[in-house]
Every structure is written in C-alpha cells, then in structure tokens.
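Novice: Handing you this structure, nothing more for now.
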Amino acid sequence: MPESPFEALLSQVRQIDGFVLGCLIDASTGMVLGHVQDREDLSLRVAAAGAADVANVISLMAGELAANGGLEDAIITLSGHYHLIRQFSPAPRLQFLLLVVLDRAEANLAMAHRELRDFDMSFVGRPDSGLPDRLQRA
Amino acid sequence: MYFNRDPLIVRLGKLAESGQTGVLRVSGAVGGAFYLSEGDVLYAESKRTPEPSKWLVPPGGHPGEADAARSLAWTFAVREATVDAALELLSGGSRHSPRHRFKELESPPGDRSSGMSFAALHAEVTRRQEIVKQLSGSVTADTTVVRNPRIEAPGLQVSALQWALLIRMGDGSTPRDLAWELDHSVFGTTVEVFRLISLRLLSVAGLAASETPRAADAPSGRRHDTMSFLRAVTQ
C-alpha cells in the first residue's frame, strides 16, 4: 500500500524532540486516518481513542459554555509521556485532531508546543478545499 | 456455484488474504460492493450510504500546496464513504447473511493511497459497531429527531457541521436523511446528532428533551451519559 497523504503529512511532526507517536484522527468519528510511530510500546488505538474522547468532552463543554471558540489544544502530562492534542484543519470542512506523544525525558514541552502550533498555522488560510473554484470560500 | 455461502465478512477476509483484485457485489436491500486491489479494499459503496461529495474534485494535475489540500480532502472523503458503506454492509439487519459474488477486474475504481487493508477496515467497522451500540439507547441512523422549540440555556455553541444539520432539520428528519442531504457519512451524522441531543438542541420525536433516554451500554446493562471512543476499543 503506498503512503497515504495523511502519513506524508505526519512525517513533518516526526522531527519534534522526544517523538514517540503521531496520529491524525477524524474529530467527528474518532477514526484514525494515519499514524507514524517510532516505538511500538504504546497502543495507538487506546491513545487515539483517549484523545478523541478528551476533544469530545472539551467540545461539549465549550458548547454548553457558549465559549466563543472551540478547542485549540490540550496537553496531558503523564509521568512518562506528554500527549499533545491539537485541533487541526488542513483544509476547509476537514476537522481533524493531531495527537503527538512525546517521551518526557527527551522532550522540551514548550518547544514542542510551539512547533506543533507553527505546523498547524502553516495550513491556516490554505485556499483550496478540494471543491471546484466556484464553490471555494472567499 | 454462482453465489458463495460464506458470511460476507468471511468471504471478504478470504479474498483479501489471497490478494484478489476485483469487485465483491452484495445483493439485497442493503446491497452494495467492495472493490479490491491485491487484497486491499480500495472503495466500498452501499445503497443506504452517500458517496463522497459530488462537489469534491479528485487531486491531480495541480502540483503544490493546493493539490496537497485537495489530496487530503479527497482521500478523507473516499475513506469515510468506504468505511460508512462497509459498516452498513457488514452490520446487515437481516438474520441471513446477504448473498454476494466476486468478479475479477483488471483495474477496479479507486486510488490505492485512499484504500485500506482488510485488517484495518475490519478493526474500524468493529469499533464503529461498538459506538453504534453505545448510542442505540438514544439514537440510531433511522431515528426521527426534531429541534427543541425552547432552549433553556442562555447560550450554546455548535460547530459548523452541527449548524448545517440544525438548519436542515425538518418536521422530522433522521440522521440518514440528513447525511444524504449533506453528502456526509451516515455514521458521522448520527454521532453529531447524538451530540446535539446531549446539548438539548434536538430530541427524539415524541419525547421531550428531558425524557430522551441516555445512551445505554447494552452488554452490561449499565447506563452511560456519554459516548466513549475509548470504551469502544477497550471492551
């Protein structure tokens, strides 16, 4: 099976120090679209499902609070790992979650957070949604 | 033998294992097809789930960042439609496994980069079946839902997709009706409708918002207030 565009996209976050696992999840259904993993000691399915649940709960909370904005990111600190969960929309109509798991002993949380934000921001304003030109958003 | 008598999931698994290329057609009310290439499932379709949005343009011919975004949108739409159809076909409501037959094709439709291995497709369908079970106490794809005329909260926030669902809600719509209208997956729409029920913006037709049953966990009989993706992969 050739590399999917999801895996190609994720290869860019593999450079973050302490990288253990990165995966792209559809925020609506919780489906894992692609993943890259440097160590196999972490269950991808459990980490992804947990991230989707966290995002779902925060979205419900933001909905109830009428918080004037949704989830941007969430950081979960475990004794051995950081789980960084970021709402990620590489094109209009696509609402993904980007989960990056880092080894605490090797990672710099502030730097990793910034790198992930910069990665996300590099897609902001991307004009092409895959829709025909006459249906593209202004 | 024209029709194979194996259960559909067994037949699909055998075709994948032997690296077949072609189409497995499924007959009956929940009919459809699986398109395979060298054992991978390139695409699936069913009569009861929408195809990828007709407005999407397949990538190609426009190298650069714009094409990367097109490629993501297209690959996601094809994969979601495939899993949605597979969930429908492999969860068939009838007591009897649907009839199916396989035909070899030289070049089945679909792109290998948006395809899935049989193992990945089966795991995802199983996960979705668990979530459907969790939601079944509140809503299914064919439950009629209505907008609540009175909103008790001073303010609520919804996503763009949830808003699109709310403004299309007629006197009585089902998640499946709305999915067809939006060219969105039936499963994804059902999950979003469940979220709107949780926000008390929708309720099941014939029940007031306060009477809408919460999602039930059928196997243990315990009741849960929320859908859990984690429970779907750990149980």
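We name chains A, B, ... following the order of the structure tokens; residues begin at 1 in each chain, and ligands are numbered from 1 as shown.
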Skip stretch 49-53 of chain B itself and residues of its chain fewer than 2 positions away, then list as an NGL selection string all residues within 6 Å of it, counting only C-alpha atoms.
Specialist: :B and (46-47 or 55-56 or 77-78 or 81 or 85 or 180 or 183)
Novice: Find the nearest atom pair between each residue of stretch 24-50 of chain A and stretch 67-80 of chain A for residues within 12 Å, count only C-alpha atoms, give distances in Å to one decimal, sort rows by chain and ascending number, and present the table as a tab-separated table.
Specialist:
residue	atom	partner	partner_atom	distance
A:Ala27	CA	A:Leu71	CA	11.1
A:Leu42	CA	A:Gly80	CA	11.4
A:Ala47	CA	A:Ile76	CA	11.2
A:Gly50	CA	A:Ile76	CA	10.6
Novice: Would you mind listing, for every residue of chain B within 8 Å of chain A, the two atoms forming the shortest contact and the distance between them in Å to one decimal, using only C-alpha atoms, sorted by chain and ascending residue number, as CSV?
Specialist:
residue,atom,partner,partner_atom,distance
B:Asp40,CA,A:Met1,CA,7.8
B:Trp55,CA,A:Leu131,CA,5.7
B:Leu56,CA,A:Leu131,CA,4.8
B:Val57,CA,A:Gly130,CA,5.5
B:Pro58,CA,A:Gly130,CA,7.4
B:Pro59,CA,A:Gly130,CA,7.6
B:Ala66,CA,A:Asp128,CA,5.3
B:Asp67,CA,A:Asp128,CA,7.8
B:Ala68,CA,A:Pro5,CA,7.6
B:Ala69,CA,A:Ala91,CA,5.9
B:Arg70,CA,A:Gly130,CA,4.1
B:Ser71,CA,A:Pro5,CA,6.8
B:Leu72,CA,A:Pro5,CA,6.0
B:Ala73,CA,A:Gly130,CA,6.0
B:Trp74,CA,A:Gly130,CA,6.8
B:Thr75,CA,A:Pro5,CA,7.6
B:Phe76,CA,A:Leu33,CA,7.8
B:Arg112,CA,A:Met1,CA,6.5
B:Ser113,CA,A:Ser4,CA,4.8
B:Ser114,CA,A:Ser4,CA,6.5
B:Gly115,CA,A:Met1,CA,7.8
B:Glu124,CA,A:Met31,CA,7.2
B:Ala153,CA,A:Glu64,CA,7.8
B:Gly155,CA,A:Ala66,CA,5.5
B:Leu156,CA,A:Ala66,CA,4.5
B:Gln157,CA,A:Gly63,CA,4.2
B:Val158,CA,A:Gly63,CA,5.9
B:Phe187,CA,A:Thr29,CA,7.6
B:Gly188,CA,A:Thr29,CA,5.6
B:Val191,CA,A:Thr29,CA,7.1
B:Glu192,CA,A:Ser28,CA,7.2
B:Arg195,CA,A:Leu60,CA,7.6
B:Leu199,CA,A:Glu64,CA,6.9
B:Ser228,CA,A:Asp53,CA,6.2
B:Phe229,CA,A:Ala49,CA,5.1
B:Leu230,CA,A:Ala49,CA,4.7
B:Val233,CA,A:Val46,CA,6.8
B:Thr234,CA,A:Val46,CA,7.4
Novice: What is the atom CA of B:Arg11-atom CA of B:Lys133 distance in Å, reported with one decimal?
Specialist: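 About the pair atom CA of B:Arg11 and atom CA of B:Lys133: they are 24.5 Å apart.
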Novice: Going by DSSP on the backbone, which residues of chain A come out as helix (DSSP H, G or I)? List them as a PyMOL selection string.
Specialist: chain A and resi 5-15+44-65+109-121+133-135
Novice: Compile the contact shell of B:Asp142 as a ChimeraX atom specification: residues with an atom at most 10 Å away, counting only C-alpha atoms, same-chain residues fewer than 4 positions apart removed.
Specialist: /B:173-177,186,190
Novice: Once DSSP has gone over the backbone, tell me which residues of stretch 15-55 of chain A are in strand (DSSP E), as a PyMOL selection string.
Specialist: chain A and resi 19-26+32-37
Novice: Output all heavy atoms of each residue in that selection to a file, as an mmCIF file, in the first residue's frame.
Specialist:
data_model
loop_
_atom_site.group_PDB
_atom_site.id
_atom_site.type_symbol
_atom_site.label_atom_id
_atom_site.label_comp_id
_atom_site.auth_asym_id
_atom_site.auth_seq_id
_atom_site.Cartn_x
_atom_site.Cartn_y
_atom_site.Cartn_z
ATOM 1 N N PHE A 19 9.919 12.506 20.117
ATOM 2 C CA PHE A 19 8.760 11.959 19.393
ATOM 3 C C PHE A 19 8.617 10.447 19.618
ATOM 4 O O PHE A 19 9.565 9.695 19.473
ATOM 5 C CB PHE A 19 8.903 12.245 17.896
ATOM 6 C CG PHE A 19 7.777 11.703 17.064
ATOM 7 C CD1 PHE A 19 6.636 12.449 16.843
ATOM 8 C CD2 PHE A 19 7.848 10.420 16.527
ATOM 9 C CE1 PHE A 19 5.593 11.946 16.072
ATOM 10 C CE2 PHE A 19 6.811 9.909 15.761
ATOM 11 C CZ PHE A 19 5.682 10.672 15.541
ATOM 12 N N VAL A 20 7.421 10.032 19.985
ATOM 13 C CA VAL A 20 7.123 8.608 20.151
ATOM 14 C C VAL A 20 6.057 8.180 19.136
ATOM 15 O O VAL A 20 6.181 7.154 18.482
ATOM 16 C CB VAL A 20 6.619 8.311 21.587
ATOM 17 C CG1 VAL A 20 6.168 6.861 21.719
ATOM 18 C CG2 VAL A 20 7.696 8.625 22.618
ATOM 19 N N LEU A 21 5.011 8.999 19.025
ATOM 20 C CA LEU A 21 3.857 8.621 18.201
ATOM 21 C C LEU A 21 3.160 9.880 17.697
ATOM 22 O O LEU A 21 3.028 10.850 18.438
ATOM 23 C CB LEU A 21 2.880 7.806 19.069
ATOM 24 C CG LEU A 21 1.462 7.590 18.549
ATOM 25 C CD1 LEU A 21 1.445 6.443 17.564
ATOM 26 C CD2 LEU A 21 0.505 7.273 19.669
ATOM 27 N N GLY A 22 2.741 9.853 16.462
ATOM 28 C CA GLY A 22 1.911 10.928 15.940
ATOM 29 C C GLY A 22 0.749 10.315 15.184
ATOM 30 O O GLY A 22 0.945 9.339 14.451
ATOM 31 N N CYS A 23 -0.428 10.828 15.380
ATOM 32 C CA CYS A 23 -1.528 10.307 14.565
ATOM 33 C C CYS A 23 -2.562 11.381 14.275
ATOM 34 O O CYS A 23 -2.683 12.369 15.000
ATOM 35 C CB CYS A 23 -2.144 9.049 15.143
ATOM 36 S SG CYS A 23 -3.145 9.251 16.559
ATOM 37 N N LEU A 24 -3.233 11.160 13.173
ATOM 38 C CA LEU A 24 -4.263 12.076 12.699
ATOM 39 C C LEU A 24 -5.601 11.370 12.869
ATOM 40 O O LEU A 24 -5.765 10.220 12.436
ATOM 41 C CB LEU A 24 -3.990 12.369 11.223
ATOM 42 C CG LEU A 24 -4.465 13.681 10.645
ATOM 43 C CD1 LEU A 24 -3.934 14.857 11.435
ATOM 44 C CD2 LEU A 24 -3.989 13.789 9.191
ATOM 45 N N ILE A 25 -6.538 12.054 13.519
ATOM 46 C CA ILE A 25 -7.819 11.437 13.879
ATOM 47 C C ILE A 25 -8.931 12.321 13.335
ATOM 48 O O ILE A 25 -8.853 13.552 13.436
ATOM 49 C CB ILE A 25 -7.943 11.364 15.422
ATOM 50 C CG1 ILE A 25 -6.735 10.640 16.026
ATOM 51 C CG2 ILE A 25 -9.247 10.712 15.863
ATOM 52 C CD1 ILE A 25 -6.496 10.995 17.484
ATOM 53 N N ASP A 26 -9.979 11.712 12.798
ATOM 54 C CA ASP A 26 -11.158 12.492 12.412
ATOM 55 C C ASP A 26 -11.909 12.851 13.689
ATOM 56 O O ASP A 26 -12.345 11.966 14.432
ATOM 57 C CB ASP A 26 -12.042 11.673 11.472
ATOM 58 C CG ASP A 26 -13.347 12.380 11.156
ATOM 59 O OD1 ASP A 26 -13.350 13.625 11.136
ATOM 60 O OD2 ASP A 26 -14.369 11.693 10.952
ATOM 61 N N VAL A 32 -8.932 6.788 13.144
ATOM 62 C CA VAL A 32 -7.519 7.097 12.918
ATOM 63 C C VAL A 32 -7.276 7.082 11.404
ATOM 64 O O VAL A 32 -7.520 6.077 10.741
ATOM 65 C CB VAL A 32 -6.604 6.069 13.614
ATOM 66 C CG1 VAL A 32 -5.145 6.336 13.260
ATOM 67 C CG2 VAL A 32 -6.798 6.122 15.121
ATOM 68 N N LEU A 33 -6.791 8.214 10.878
ATOM 69 C CA LEU A 33 -6.596 8.335 9.429
ATOM 70 C C LEU A 33 -5.186 7.937 9.018
ATOM 71 O O LEU A 33 -4.979 7.456 7.910
ATOM 72 C CB LEU A 33 -6.882 9.774 8.996
ATOM 73 C CG LEU A 33 -8.301 10.256 9.287
ATOM 74 C CD1 LEU A 33 -8.400 11.764 9.136
ATOM 75 C CD2 LEU A 33 -9.294 9.562 8.369
ATOM 76 N N GLY A 34 -4.248 8.182 9.905
ATOM 77 C CA GLY A 34 -2.873 7.823 9.596
ATOM 78 C C GLY A 34 -2.041 7.963 10.852
ATOM 79 O O GLY A 34 -2.425 8.662 11.789
ATOM 80 N N HIS A 35 -0.914 7.276 10.867
ATOM 81 C CA HIS A 35 -0.055 7.401 12.051
ATOM 82 C C HIS A 35 1.392 7.143 11.679
ATOM 83 O O HIS A 35 1.687 6.469 10.683
ATOM 84 C CB HIS A 35 -0.502 6.443 13.156
ATOM 85 C CG HIS A 35 -0.170 5.013 12.895
ATOM 86 N ND1 HIS A 35 -0.900 4.222 12.041
ATOM 87 C CD2 HIS A 35 0.841 4.228 13.359
ATOM 88 C CE1 HIS A 35 -0.377 3.015 12.000
ATOM 89 N NE2 HIS A 35 0.688 2.985 12.790
ATOM 90 N N VAL A 36 2.288 7.721 12.475
ATOM 91 C CA VAL A 36 3.706 7.375 12.403
ATOM 92 C C VAL A 36 4.133 7.102 13.835
ATOM 93 O O VAL A 36 3.709 7.793 14.772
ATOM 94 C CB VAL A 36 4.576 8.503 11.777
ATOM 95 C CG1 VAL A 36 4.366 8.582 10.283
ATOM 96 C CG2 VAL A 36 4.303 9.847 12.417
ATOM 97 N N GLN A 37 4.929 6.080 14.009
ATOM 98 C CA GLN A 37 5.240 5.635 15.368
ATOM 99 C C GLN A 37 6.696 5.205 15.403
ATOM 100 O O GLN A 37 7.123 4.393 14.582
ATOM 101 C CB GLN A 37 4.303 4.460 15.725
ATOM 102 C CG GLN A 37 4.327 4.062 17.174
ATOM 103 C CD GLN A 37 3.124 3.202 17.567
ATOM 104 O OE1 GLN A 37 2.289 2.867 16.733
ATOM 105 N NE2 GLN A 37 3.035 2.861 18.835
#
Novice: Between atom CA of B:Gln20 and atom CA of B:Glu104, what is the spacing in Å?
Specialist: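 Computing it gives 7.6 Å between the two atoms.
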Novice: Which one of A:Arg39, A:Arg86, A:Arg117, A:His81 sits closest to A:Val101 if you count only C-alpha atoms?
Specialist: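 For A:Val101, the nearest of the given residues is A:His81.
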Novice: Atom CA of B:Leu121 and atom CA of B:Leu196, how far apart in Å?
Specialist: 27.8 Å
